[in-house]
Amino acid sequence: MTTNIRYKSRIPIKSDETTEEKQYVGFATLPNQVHRKSVKKGFDFTLMVAGESGMGKSTLVNSLFLTDLYKDRKLLNAEERINQTVEIIKHTVDIEEKGVKLKLTIVDTPGFGDAVNNNECWKPITDYIDQQFEQYFRDESGLNRKNIQDNRVHCCLYFIPPFGHGLRPVDVEFMKALHEKVNVVPLIAKADCLTPNEIKKLKDRVREEIERFGIKVYQFPECDSDEDEEFKQLDKELKECCPLAVIGSNTVVEARGQRVRGRLYPWGIVEVENQSHCDFVKLRNMLIRSHMHDLKDVTCDVHYENYRAQCIQDMTSKLTHDNRMESPIPILPLSTPDVETDRLIKMKDEELARMQEMLNKMQQQIHDGKDQ
Amino acid sequence: IPFVALSRFQLHTGLPRNLSLGGHVGFDSLPDQLVSKSVTQGFCFNILCVGETGIGKSTLMNTLFNTMFENEEASHYQNGVCMRPRTYDLQESNVHLKLTIVDTVGFGDQINKEESYKPIVDYIDTQFENYLQEELKIKRSLFNYHDGRIHICLYFIAPTGHSLKSLDLVTMKKLDSKVNIIPIIAKADTISKSELHKFKIKIMSELVSNGVQIYQFPTDDDAVTEINSSMNAHLPFAVVGSIEEVKVGNKTVRARQYPWGVVQVENESHCDFVKLREMLIRVNMEDLREQTHARHYELYRRCKLEEMGFKDTDPDCEPFSLQETYEAKRKEFMGDLQKKEEEMRQMFVNKVKETEAELKEKERELHNKFEQLKHMHQEEKRKVEEKRRELEEEMNAFNRRKVAAETLSLAQPLKKDKDKKNRSVKTENQSGVSLSNSKVMMAKASVEPLNCDSWWQAIQCCTCLVHNAAWRQGLF
């Protein structure tokens, strides 16, 4: 019996019957089992969209998932937005395709960047993400873990306006506040405003600024060396295209004899799914067709673990000085009692030293007086 | 005789009478004379462009005036809004135009934009102020003066398709009483026709409901009423700017080339650029200048003068003389200045006195403390002296007993050696009495022995230690 024949999981063993019966263990069917189970269980995905009002976020989400999530939305006037605070609105839909169920949650952030003073306008967003982590942490540490709901945000699409020369301060600050909590995918919004040259220039600019400011956006995982060439080529193209320049549309138009999602202009028709018009297809493929699970994995393995480690550290540093069990919210630890007494002791020592000096001086004076 | 002349003059005051002419006099050439004069003088026009970085202000200026004004791309990371005026000399046919374009660098980039409008308002006011100063001069040369007052403010609205941004609303409200505003939708090739229609309506309704006064093209002049009123309905203009040329059909036009089509700048069905150019340059430029001078500048001037205390008439209905008012104001101002100086001086003197008093107080305190400590020290010394005396007495008593014992022991020769020792000890005691005495004292006081070779030092050390003991008990 040869034990050093490697079985490739997807390729069935083609050898004669007898050897097959003897050497075929059968765990090559594991992927199929996983597939079956996961179809039965269904998937969930939480996507956050962030960016100034009017960047086309809702339109893009509708285009991505081919539904209309924002039917009865009310937009605020400019006057109402002067002092607007950021809200968090969740839309959850259950969609199904070829028997695979997906519970999709879209987290919207209306009001971001809309007020006149946008200081720390990303705080409600970071608080929300932390809240979801905290809730999952509590659930995970609890006794009954059968039905944990995973509401953690798996991906944040950040819409960069195409009207400028690159990233603006608010873009930089937002991405820096979030890059260690969630997978940030920057997009260039409303890309039908830019000619191909301008798109290239802007992408280069944004990539350079992302590196310069040290923003850790979501990196596509390196593909395995044994993947086929086509996949590798696609992967390479995808990486070079970042940030993706997207266009969304809620309307269907007639172009070249077909009905497509697009935008109708007097000078032409922009097709959302035309790869030479924009990177929408690439985004959809990346987000849904190839990297959805990787996004979830990075969220679980990297961002959530970081949060959890930080949380536990804070808790234990509090516990050694304080015997009460506190909730796992990462708050700044108070100055421990040791530090307090140390400080007092130091103070008293200093006083002692000063008094001693004064005394010495006076004795010296008396001594001199006596001598005279 | 003057009286008669005056009365004759008075007879003819009143409404002028219309007279008909018998033939062609020729004063219908007056407008032409005016025109030729102004052509020789040259015209001056100042445009202010307000909009976020990268929205297309420079490109639009290049497109409007069909030339390349030098401009470096602005960065997004300015700390605040910076006004950048540039003046150019243009010529078309025989008409000279001194064009000043003022850019707002850094507008809309900051995270906190509450102060963004201030530099813009300050710049406009400064131009008004300079003109006012020139007007009020004694020796003035207004015809030579380079008028920097802003004639038109083009406000660039980002093409979001929803409504105005909060910053736009706040800024336009601050500017509408100081300058003619024409709002334009920039980069309009990103909005489809239907969206554009809704967007324009939304913007105009927001402006109206918030009481923002934008420039209305004048409809009182018959020659231009029609075109102006139709243009008023197209506000805000949706423009696209470009300096690149693209071949369309058999012509080369300024356009933007996309994979899905070509946006032609001068095609009226593509954007409102042509309308803007018509209105801004070809039809209403002169009216804009006039409005700036007659309305905005006069408003500024009136406010400024009223601030300074000028009125048209004083309580007695006598017209004020600028001179007198100026003198009065000046006196008032000097008086205020002196008063302020006095106040400051007084405050300074008070502060000095206060500090002096404080220092004196501190000195006194310190002195008291010193006295107190000295007193305590003396007390301690006295106590130690007493103790010493007691100790001496005890020692003497002990010595006496010892002597007595010795005399007794002398009778017994067995203890000779011991006597010798005792005697030597005794003599030591007598000469270096301090050493052993101090040692004994230490022993009595149960502290560690010190190496002192004089009484005085011993006492001092003692005092120290006593003090320290007191210290440890917290008596200090």
# chains A, B, ... in the order shown; residues from 1 in each chain; ligands from 1
$ closest_atom_pairs --of "chain A" --to "chain B" --cutoff "6 Å" --atoms "only C-alpha atoms" --output "Markdown table"
| residue | atom | partner | partner_atom | distance |
| --- | --- | --- | --- | --- |
| A:Gly54 | CA | B:Thr160 | CA | 4.4 |
| A:Ala78 | CA | B:Ser166 | CA | 4.6 |
| A:Arg81 | CA | B:Ser166 | CA | 5.7 |
| A:Ile82 | CA | B:Ser166 | CA | 4.8 |
| A:Val116 | CA | B:Lys113 | CA | 5.2 |
| A:Asn117 | CA | B:Asn112 | CA | 4.1 |
| A:Asn118 | CA | B:Ile111 | CA | 5.2 |
| A:Asn119 | CA | B:Ile111 | CA | 5.9 |
| A:Phe163 | CA | B:Ile55 | CA | 5.4 |
| A:Gly164 | CA | B:Gly54 | CA | 4.1 |
| A:His165 | CA | B:Gly54 | CA | 5.6 |
| A:Arg168 | CA | B:His76 | CA | 5.5 |
| A:Val170 | CA | B:Ile111 | CA | 5.7 |
| A:Asp192 | CA | B:Thr190 | CA | 5.9 |
| A:Cys193 | CA | B:Thr190 | CA | 5.0 |
| A:Thr195 | CA | B:Tyr258 | CA | 5.4 |
| A:Tyr265 | CA | B:Ser192 | CA | 5.4 |
| A:Trp267 | CA | B:Gly261 | CA | 5.3 |
| A:Gly268 | CA | B:Gly261 | CA | 4.8 |
| A:Ile269 | CA | B:Trp260 | CA | 5.9 |
| A:Val270 | CA | B:Trp260 | CA | 5.9 |
$ residues_around --residues "range 132-145 of chain A" --least-positions-apart "4" --cutoff "12 Å" --atoms "only C-alpha atoms" --output "NGL selection string"
:A and (46 or 107 or 125-128 or 149-154 or 181-182 or 299-300 or 303-312 or 327-330)
$ write_last_selection --atoms "N, CA, C and O atoms" --output "compact mmCIF listing (two decimals), in the first residue's frame"
# COMPACT_ATOMS: atom_id res chain seq x y z
N THR A 46 -22.40 41.63 6.61
CA THR A 46 -22.75 43.01 6.99
C THR A 46 -21.84 43.97 6.26
O THR A 46 -20.62 43.91 6.38
N VAL A 107 -25.34 48.71 6.53
CA VAL A 107 -25.31 49.74 7.57
C VAL A 107 -25.03 51.08 6.91
O VAL A 107 -23.99 51.28 6.31
N ILE A 125 -19.74 56.14 14.21
CA ILE A 125 -19.48 54.95 13.41
C ILE A 125 -18.53 54.01 14.14
O ILE A 125 -18.78 52.80 14.24
N THR A 126 -17.44 54.56 14.69
CA THR A 126 -16.52 53.69 15.41
C THR A 126 -17.19 53.12 16.66
O THR A 126 -16.96 51.96 17.02
N ASP A 127 -18.04 53.93 17.28
CA ASP A 127 -18.75 53.40 18.45
C ASP A 127 -19.64 52.24 18.06
O ASP A 127 -19.72 51.23 18.78
N TYR A 128 -20.32 52.36 16.91
CA TYR A 128 -21.19 51.28 16.47
C TYR A 128 -20.40 50.01 16.24
O TYR A 128 -20.79 48.92 16.68
N GLN A 149 -25.72 35.67 17.20
CA GLN A 149 -25.96 36.46 16.00
C GLN A 149 -24.71 37.27 15.72
O GLN A 149 -24.23 37.98 16.59
N ASP A 150 -24.21 37.13 14.52
CA ASP A 150 -22.99 37.87 14.18
C ASP A 150 -23.34 39.17 13.47
O ASP A 150 -23.63 39.17 12.28
N ASN A 151 -23.32 40.26 14.24
CA ASN A 151 -23.63 41.55 13.63
C ASN A 151 -22.40 42.38 13.35
O ASN A 151 -22.51 43.57 13.11
N ARG A 152 -21.23 41.74 13.44
CA ARG A 152 -20.02 42.51 13.23
C ARG A 152 -19.94 42.98 11.79
O ARG A 152 -20.36 42.28 10.88
N VAL A 153 -19.38 44.17 11.63
CA VAL A 153 -19.31 44.75 10.28
C VAL A 153 -18.15 44.11 9.54
O VAL A 153 -17.01 44.14 9.99
N HIS A 154 -18.44 43.48 8.40
CA HIS A 154 -17.41 42.75 7.67
C HIS A 154 -16.65 43.62 6.69
O HIS A 154 -15.52 43.32 6.36
N LYS A 181 -10.34 48.66 12.73
CA LYS A 181 -11.55 48.05 13.29
C LYS A 181 -12.35 47.30 12.25
O LYS A 181 -13.17 46.46 12.59
N VAL A 182 -12.15 47.65 10.99
CA VAL A 182 -12.99 47.05 9.96
C VAL A 182 -12.21 47.06 8.66
O VAL A 182 -11.27 47.83 8.49
N THR A 299 -12.18 39.95 9.26
CA THR A 299 -12.89 40.59 10.37
C THR A 299 -12.81 39.73 11.62
O THR A 299 -12.49 40.22 12.70
N CYS A 300 -13.07 38.41 11.47
CA CYS A 300 -13.05 37.54 12.65
C CYS A 300 -11.64 37.36 13.19
O CYS A 300 -11.41 37.44 14.39
N HIS A 303 -9.49 41.79 13.05
CA HIS A 303 -10.06 42.96 13.74
C HIS A 303 -10.71 42.57 15.05
O HIS A 303 -10.50 43.21 16.08
N TYR A 304 -11.50 41.49 15.01
CA TYR A 304 -12.18 41.09 16.23
C TYR A 304 -11.21 40.59 17.26
O TYR A 304 -11.30 40.89 18.46
N GLU A 305 -10.20 39.84 16.84
CA GLU A 305 -9.22 39.32 17.80
C GLU A 305 -8.45 40.47 18.44
O GLU A 305 -8.17 40.46 19.63
N ASN A 306 -8.10 41.47 17.64
CA ASN A 306 -7.43 42.65 18.22
C ASN A 306 -8.29 43.30 19.28
O ASN A 306 -7.82 43.64 20.36
N TYR A 307 -9.57 43.44 18.95
CA TYR A 307 -10.48 44.06 19.89
C TYR A 307 -10.56 43.24 21.17
O TYR A 307 -10.49 43.75 22.28
N ARG A 308 -10.70 41.94 20.99
CA ARG A 308 -10.86 41.05 22.13
C ARG A 308 -9.62 41.09 23.02
O ARG A 308 -9.71 41.19 24.25
N ALA A 309 -8.46 41.03 22.39
CA ALA A 309 -7.22 41.05 23.17
C ALA A 309 -7.12 42.35 23.96
O ALA A 309 -6.78 42.35 25.15
N GLN A 310 -7.43 43.44 23.31
CA GLN A 310 -7.36 44.74 23.98
C GLN A 310 -8.32 44.78 25.16
O GLN A 310 -7.99 45.23 26.24
N CYS A 311 -9.52 44.25 24.91
CA CYS A 311 -10.54 44.24 25.93
C CYS A 311 -10.11 43.47 27.16
O CYS A 311 -10.23 43.92 28.29
N ILE A 312 -9.58 42.25 26.89
CA ILE A 312 -9.19 41.40 28.01
C ILE A 312 -8.03 42.03 28.78
O ILE A 312 -8.01 42.01 30.01
N SER A 327 -17.76 45.28 33.17
CA SER A 327 -18.19 44.92 31.81
C SER A 327 -17.01 45.10 30.86
O SER A 327 -16.18 45.98 31.06
N PRO A 328 -16.94 44.29 29.82
CA PRO A 328 -15.78 44.36 28.94
C PRO A 328 -15.80 45.54 27.97
O PRO A 328 -15.64 45.38 26.79
N ILE A 329 -16.03 46.71 28.53
CA ILE A 329 -15.94 47.88 27.66
C ILE A 329 -14.54 48.45 27.84
O ILE A 329 -14.13 48.73 28.95
N PRO A 330 -13.81 48.65 26.82
CA PRO A 330 -12.45 49.17 27.00
C PRO A 330 -12.48 50.64 27.40
O PRO A 330 -12.64 51.52 26.56
$ atom_distance --atom1 "CA of His179 in chain A" --atom2 "CA of Thr109 in chain A"
16.6 Å
$ select_by_dssp --residues "range 101-299 of chain A" --states "alpha helix (DSSP H)" --output "JSON, numbers by chain"
{"A": [123, 124, 125, 126, 127, 128, 129, 130, 131, 132, 133, 134, 135, 136, 137, 138, 139, 140, 141, 169, 170, 171, 172, 173, 174, 175, 176, 177, 178, 196, 197, 198, 199, 200, 201, 202, 203, 204, 205, 206, 207, 208, 209, 210, 211, 212, 229, 230, 231, 232, 233, 234, 235, 236, 237, 238, 239, 240, 280, 281, 282, 283, 284, 292, 293, 294, 295, 296, 297, 298]}
$ residues_around --residues "Thr85 in chain A" --least-positions-apart "5" --cutoff "10 Å" --atoms "only C-alpha atoms" --output "PyMOL selection string"
chain A and resi 109-115+117-118+121-122+124
$ write_last_selection --atoms "N, CA, C and O atoms" --output "compact mmCIF listing (two decimals), in the first residue's frame"
# COMPACT_ATOMS: atom_id res chain seq x y z
N THR A 109 -24.76 55.32 6.92
CA THR A 109 -24.29 56.35 7.84
C THR A 109 -24.69 57.74 7.36
O THR A 109 -23.85 58.55 6.99
N PRO A 110 -25.99 58.03 7.34
CA PRO A 110 -26.39 59.34 6.83
C PRO A 110 -25.91 60.46 7.74
O PRO A 110 -25.89 60.32 8.95
N GLY A 111 -25.50 61.53 7.13
CA GLY A 111 -25.05 62.68 7.89
C GLY A 111 -23.55 62.79 7.98
O GLY A 111 -23.03 63.82 8.42
N PHE A 112 -22.83 61.76 7.58
CA PHE A 112 -21.38 61.82 7.67
C PHE A 112 -20.85 62.93 6.77
O PHE A 112 -21.18 62.96 5.59
N GLY A 113 -20.06 63.82 7.33
CA GLY A 113 -19.43 64.85 6.52
C GLY A 113 -20.35 65.92 5.99
O GLY A 113 -19.94 66.73 5.18
N ASP A 114 -21.59 65.95 6.46
CA ASP A 114 -22.53 66.92 5.90
C ASP A 114 -22.62 68.21 6.67
O ASP A 114 -23.05 69.22 6.13
N ALA A 115 -22.26 68.18 7.95
CA ALA A 115 -22.41 69.39 8.74
C ALA A 115 -21.31 70.38 8.38
O ALA A 115 -20.37 70.04 7.68
N ASN A 117 -19.42 71.81 10.70
CA ASN A 117 -18.30 71.42 11.54
C ASN A 117 -18.31 69.91 11.69
O ASN A 117 -19.17 69.35 12.36
N ASN A 118 -17.36 69.25 11.05
CA ASN A 118 -17.39 67.80 11.04
C ASN A 118 -16.37 67.18 11.98
O ASN A 118 -15.93 66.06 11.75
N CYS A 121 -16.76 63.45 13.32
CA CYS A 121 -18.06 62.98 12.88
C CYS A 121 -18.07 61.48 12.68
O CYS A 121 -19.11 60.89 12.47
N TRP A 122 -16.89 60.84 12.74
CA TRP A 122 -16.84 59.40 12.57
C TRP A 122 -17.02 58.67 13.88
O TRP A 122 -17.03 57.45 13.92
N PRO A 124 -19.63 58.27 15.98
CA PRO A 124 -20.75 57.33 16.07
C PRO A 124 -20.49 56.04 15.30
O PRO A 124 -20.93 54.96 15.72
$ residues_around --residues "range 145-148 of chain B" --least-positions-apart "2" --cutoff "9 Å" --atoms "only C-alpha atoms" --output "list of chain:residue names"
B:Cys44, B:Phe45, B:Asn46, B:Thr100, B:Ile124, B:Gln127, B:Phe128, B:Asn130, B:Tyr131, B:Glu134, B:Arg140, B:Ser141, B:Leu142, B:Phe143, B:Ile150, B:His151
$ atom_distance --atom1 "CA of Lys137 in chain B" --atom2 "CA of Arg301 in chain B"
14.3 Å
$ atom_distance --atom1 "CA of Phe43 in chain B" --atom2 "CA of Ser93 in chain B"
13.2 Å
$ residues_around --residues "Val49 in chain A" --least-positions-apart "6" --cutoff "10 Å" --atoms "only C-alpha atoms" --output "ChimeraX atom specification"
/A:57-58,60-61,106-110,155-159,184-185
$ write_last_selection --atoms "N, CA and C atoms" --output "PDB file, in the first residue's frame"
ATOM      1  N   LYS A  57     -24.087  56.384  -2.785  1.00  0.00           N
ATOM      2  CA  LYS A  57     -23.941  55.154  -2.008  1.00  0.00           C
ATOM      3  C   LYS A  57     -25.173  54.265  -2.167  1.00  0.00           C
ATOM      4  N   SER A  58     -26.344  54.857  -1.988  1.00  0.00           N
ATOM      5  CA  SER A  58     -27.572  54.067  -2.062  1.00  0.00           C
ATOM      6  C   SER A  58     -27.748  53.480  -3.444  1.00  0.00           C
ATOM      7  N   LEU A  60     -25.439  52.706  -5.534  1.00  0.00           N
ATOM      8  CA  LEU A  60     -24.487  51.618  -5.747  1.00  0.00           C
ATOM      9  C   LEU A  60     -24.962  50.356  -5.051  1.00  0.00           C
ATOM     10  N   VAL A  61     -25.463  50.487  -3.828  1.00  0.00           N
ATOM     11  CA  VAL A  61     -25.929  49.303  -3.098  1.00  0.00           C
ATOM     12  C   VAL A  61     -27.073  48.645  -3.857  1.00  0.00           C
ATOM     13  N   ILE A 106     -27.109  46.020   5.460  1.00  0.00           N
ATOM     14  CA  ILE A 106     -26.410  47.211   4.990  1.00  0.00           C
ATOM     15  C   ILE A 106     -26.494  48.252   6.102  1.00  0.00           C
ATOM     16  N   VAL A 107     -25.336  48.714   6.534  1.00  0.00           N
ATOM     17  CA  VAL A 107     -25.312  49.740   7.575  1.00  0.00           C
ATOM     18  C   VAL A 107     -25.033  51.079   6.910  1.00  0.00           C
ATOM     19  N   ASP A 108     -26.002  51.950   7.016  1.00  0.00           N
ATOM     20  CA  ASP A 108     -25.895  53.258   6.377  1.00  0.00           C
ATOM     21  C   ASP A 108     -25.458  54.308   7.389  1.00  0.00           C
ATOM     22  N   THR A 109     -24.761  55.319   6.919  1.00  0.00           N
ATOM     23  CA  THR A 109     -24.287  56.351   7.844  1.00  0.00           C
ATOM     24  C   THR A 109     -24.692  57.740   7.356  1.00  0.00           C
ATOM     25  N   PRO A 110     -25.985  58.028   7.339  1.00  0.00           N
ATOM     26  CA  PRO A 110     -26.391  59.336   6.831  1.00  0.00           C
ATOM     27  C   PRO A 110     -25.905  60.464   7.736  1.00  0.00           C
ATOM     28  N   CYS A 155     -17.308  44.657   6.199  1.00  0.00           N
ATOM     29  CA  CYS A 155     -16.627  45.466   5.197  1.00  0.00           C
ATOM     30  C   CYS A 155     -17.202  46.874   5.202  1.00  0.00           C
ATOM     31  N   CYS A 156     -16.330  47.870   5.019  1.00  0.00           N
ATOM     32  CA  CYS A 156     -16.817  49.247   4.958  1.00  0.00           C
ATOM     33  C   CYS A 156     -16.397  49.843   3.629  1.00  0.00           C
ATOM     34  N   LEU A 157     -17.382  50.191   2.804  1.00  0.00           N
ATOM     35  CA  LEU A 157     -17.070  50.837   1.529  1.00  0.00           C
ATOM     36  C   LEU A 157     -17.023  52.334   1.772  1.00  0.00           C
ATOM     37  N   TYR A 158     -15.883  52.948   1.509  1.00  0.00           N
ATOM     38  CA  TYR A 158     -15.775  54.396   1.717  1.00  0.00           C
ATOM     39  C   TYR A 158     -15.739  55.106   0.373  1.00  0.00           C
ATOM     40  N   PHE A 159     -16.655  56.056   0.197  1.00  0.00           N
ATOM     41  CA  PHE A 159     -16.820  56.717  -1.094  1.00  0.00           C
ATOM     42  C   PHE A 159     -16.029  58.021  -1.128  1.00  0.00           C
ATOM     43  N   VAL A 184     -11.515  48.325   5.355  1.00  0.00           N
ATOM     44  CA  VAL A 184     -11.907  49.529   4.628  1.00  0.00           C
ATOM     45  C   VAL A 184     -11.592  49.346   3.158  1.00  0.00           C
ATOM     46  N   VAL A 185     -12.605  49.484   2.326  1.00  0.00           N
ATOM     47  CA  VAL A 185     -12.400  49.416   0.876  1.00  0.00           C
ATOM     48  C   VAL A 185     -12.736  50.795   0.312  1.00  0.00           C
TER      49      VAL A 185
END
$ closest_residue --among "A:Leu234, A:Val172, A:Leu167, A:Val272" --to "Arg205 in chain A" --atoms "only C-alpha atoms"
A:Leu167
$ residues_around --residues "Asn232 in chain B" --least-positions-apart "3" --cutoff "7 Å" --atoms "only C-alpha atoms" --output "ChimeraX atom specification"
/B:216-217,228-229,235
$ write_last_selection --atoms "N, CA, C and O atoms" --output "JSON list (two decimals), in the first residue's frame"
[["chain", "number", "residue", "atom", "x", "y", "z"],
["B", 216, "GLN", "N", -30.12, 88.76, -10.06],
["B", 216, "GLN", "CA", -31.14, 88.57, -11.09],
["B", 216, "GLN", "C", -30.74, 89.37, -12.32],
["B", 216, "GLN", "O", -30.43, 90.55, -12.21],
["B", 217, "PHE", "N", -30.76, 88.76, -13.45],
["B", 217, "PHE", "CA", -30.42, 89.50, -14.68],
["B", 217, "PHE", "C", -31.50, 90.56, -14.90],
["B", 217, "PHE", "O", -32.68, 90.28, -14.78],
["B", 228, "ASN", "N", -32.85, 88.04, -20.85],
["B", 228, "ASN", "CA", -32.53, 87.97, -19.43],
["B", 228, "ASN", "C", -33.57, 87.21, -18.64],
["B", 228, "ASN", "O", -33.24, 86.41, -17.77],
["B", 229, "SER", "N", -34.82, 87.47, -18.92],
["B", 229, "SER", "CA", -35.83, 86.78, -18.12],
["B", 229, "SER", "C", -35.85, 85.29, -18.43],
["B", 229, "SER", "O", -36.08, 84.48, -17.54],
["B", 235, "LEU", "N", -31.42, 79.40, -14.05],
["B", 235, "LEU", "CA", -30.46, 79.35, -12.94],
["B", 235, "LEU", "C", -30.76, 78.15, -12.05],
["B", 235, "LEU", "O", -31.92, 77.81, -11.88]]
$ closest_residue --among "A:Met286, A:Leu187, A:Leu66, A:Cys241" --to "Ala50 in chain A" --atoms "only C-alpha atoms"
A:Leu187
$ decode --residues "range 303-320 of chain A" --atoms "N, CA, C and O atoms" --output "short mmCIF file (atom, residue, chain, number, x, y, z; two decimals), in the first residue's frame"
data_model
loop_
_atom_site.label_atom_id
_atom_site.label_comp_id
_atom_site.auth_asym_id
_atom_site.auth_seq_id
_atom_site.Cartn_x
_atom_site.Cartn_y
_atom_site.Cartn_z
N HIS A 303 -9.49 41.79 13.05
CA HIS A 303 -10.06 42.96 13.74
C HIS A 303 -10.71 42.57 15.05
O HIS A 303 -10.50 43.21 16.08
N TYR A 304 -11.50 41.49 15.01
CA TYR A 304 -12.18 41.09 16.23
C TYR A 304 -11.21 40.59 17.26
O TYR A 304 -11.30 40.89 18.46
N GLU A 305 -10.20 39.84 16.84
CA GLU A 305 -9.22 39.32 17.80
C GLU A 305 -8.45 40.47 18.44
O GLU A 305 -8.17 40.46 19.63
N ASN A 306 -8.10 41.47 17.64
CA ASN A 306 -7.43 42.65 18.22
C ASN A 306 -8.29 43.30 19.28
O ASN A 306 -7.82 43.64 20.36
N TYR A 307 -9.57 43.44 18.95
CA TYR A 307 -10.48 44.06 19.89
C TYR A 307 -10.56 43.24 21.17
O TYR A 307 -10.49 43.75 22.28
N ARG A 308 -10.70 41.94 20.99
CA ARG A 308 -10.86 41.05 22.13
C ARG A 308 -9.62 41.09 23.02
O ARG A 308 -9.71 41.19 24.25
N ALA A 309 -8.46 41.03 22.39
CA ALA A 309 -7.22 41.05 23.17
C ALA A 309 -7.12 42.35 23.96
O ALA A 309 -6.78 42.35 25.15
N GLN A 310 -7.43 43.44 23.31
CA GLN A 310 -7.36 44.74 23.98
C GLN A 310 -8.32 44.78 25.16
O GLN A 310 -7.99 45.23 26.24
N CYS A 311 -9.52 44.25 24.91
CA CYS A 311 -10.54 44.24 25.93
C CYS A 311 -10.11 43.47 27.16
O CYS A 311 -10.23 43.92 28.29
N ILE A 312 -9.58 42.25 26.89
CA ILE A 312 -9.19 41.40 28.01
C ILE A 312 -8.03 42.03 28.78
O ILE A 312 -8.01 42.01 30.01
N GLN A 313 -7.10 42.60 28.06
CA GLN A 313 -5.98 43.27 28.72
C GLN A 313 -6.47 44.35 29.67
O GLN A 313 -6.03 44.45 30.80
N ASP A 314 -7.39 45.17 29.15
CA ASP A 314 -7.90 46.25 29.99
C ASP A 314 -8.59 45.70 31.21
O ASP A 314 -8.45 46.21 32.31
N MET A 315 -9.37 44.62 30.99
CA MET A 315 -10.11 44.03 32.10
C MET A 315 -9.17 43.50 33.16
O MET A 315 -9.35 43.75 34.34
N THR A 316 -8.13 42.79 32.74
CA THR A 316 -7.24 42.20 33.74
C THR A 316 -6.44 43.27 34.46
O THR A 316 -6.18 43.15 35.65
N SER A 317 -6.08 44.33 33.77
CA SER A 317 -5.31 45.36 34.49
C SER A 317 -6.19 46.04 35.51
O SER A 317 -5.73 46.52 36.52
N LYS A 318 -7.47 46.06 35.27
CA LYS A 318 -8.38 46.63 36.26
C LYS A 318 -8.59 45.65 37.39
O LYS A 318 -8.68 46.03 38.54
N LEU A 319 -8.66 44.32 37.06
CA LEU A 319 -8.99 43.33 38.07
C LEU A 319 -7.93 43.22 39.15
O LEU A 319 -8.25 42.99 40.31
N THR A 320 -6.66 43.38 38.78
CA THR A 320 -5.63 43.23 39.80
C THR A 320 -5.74 44.30 40.87
O THR A 320 -5.29 44.13 41.98
#
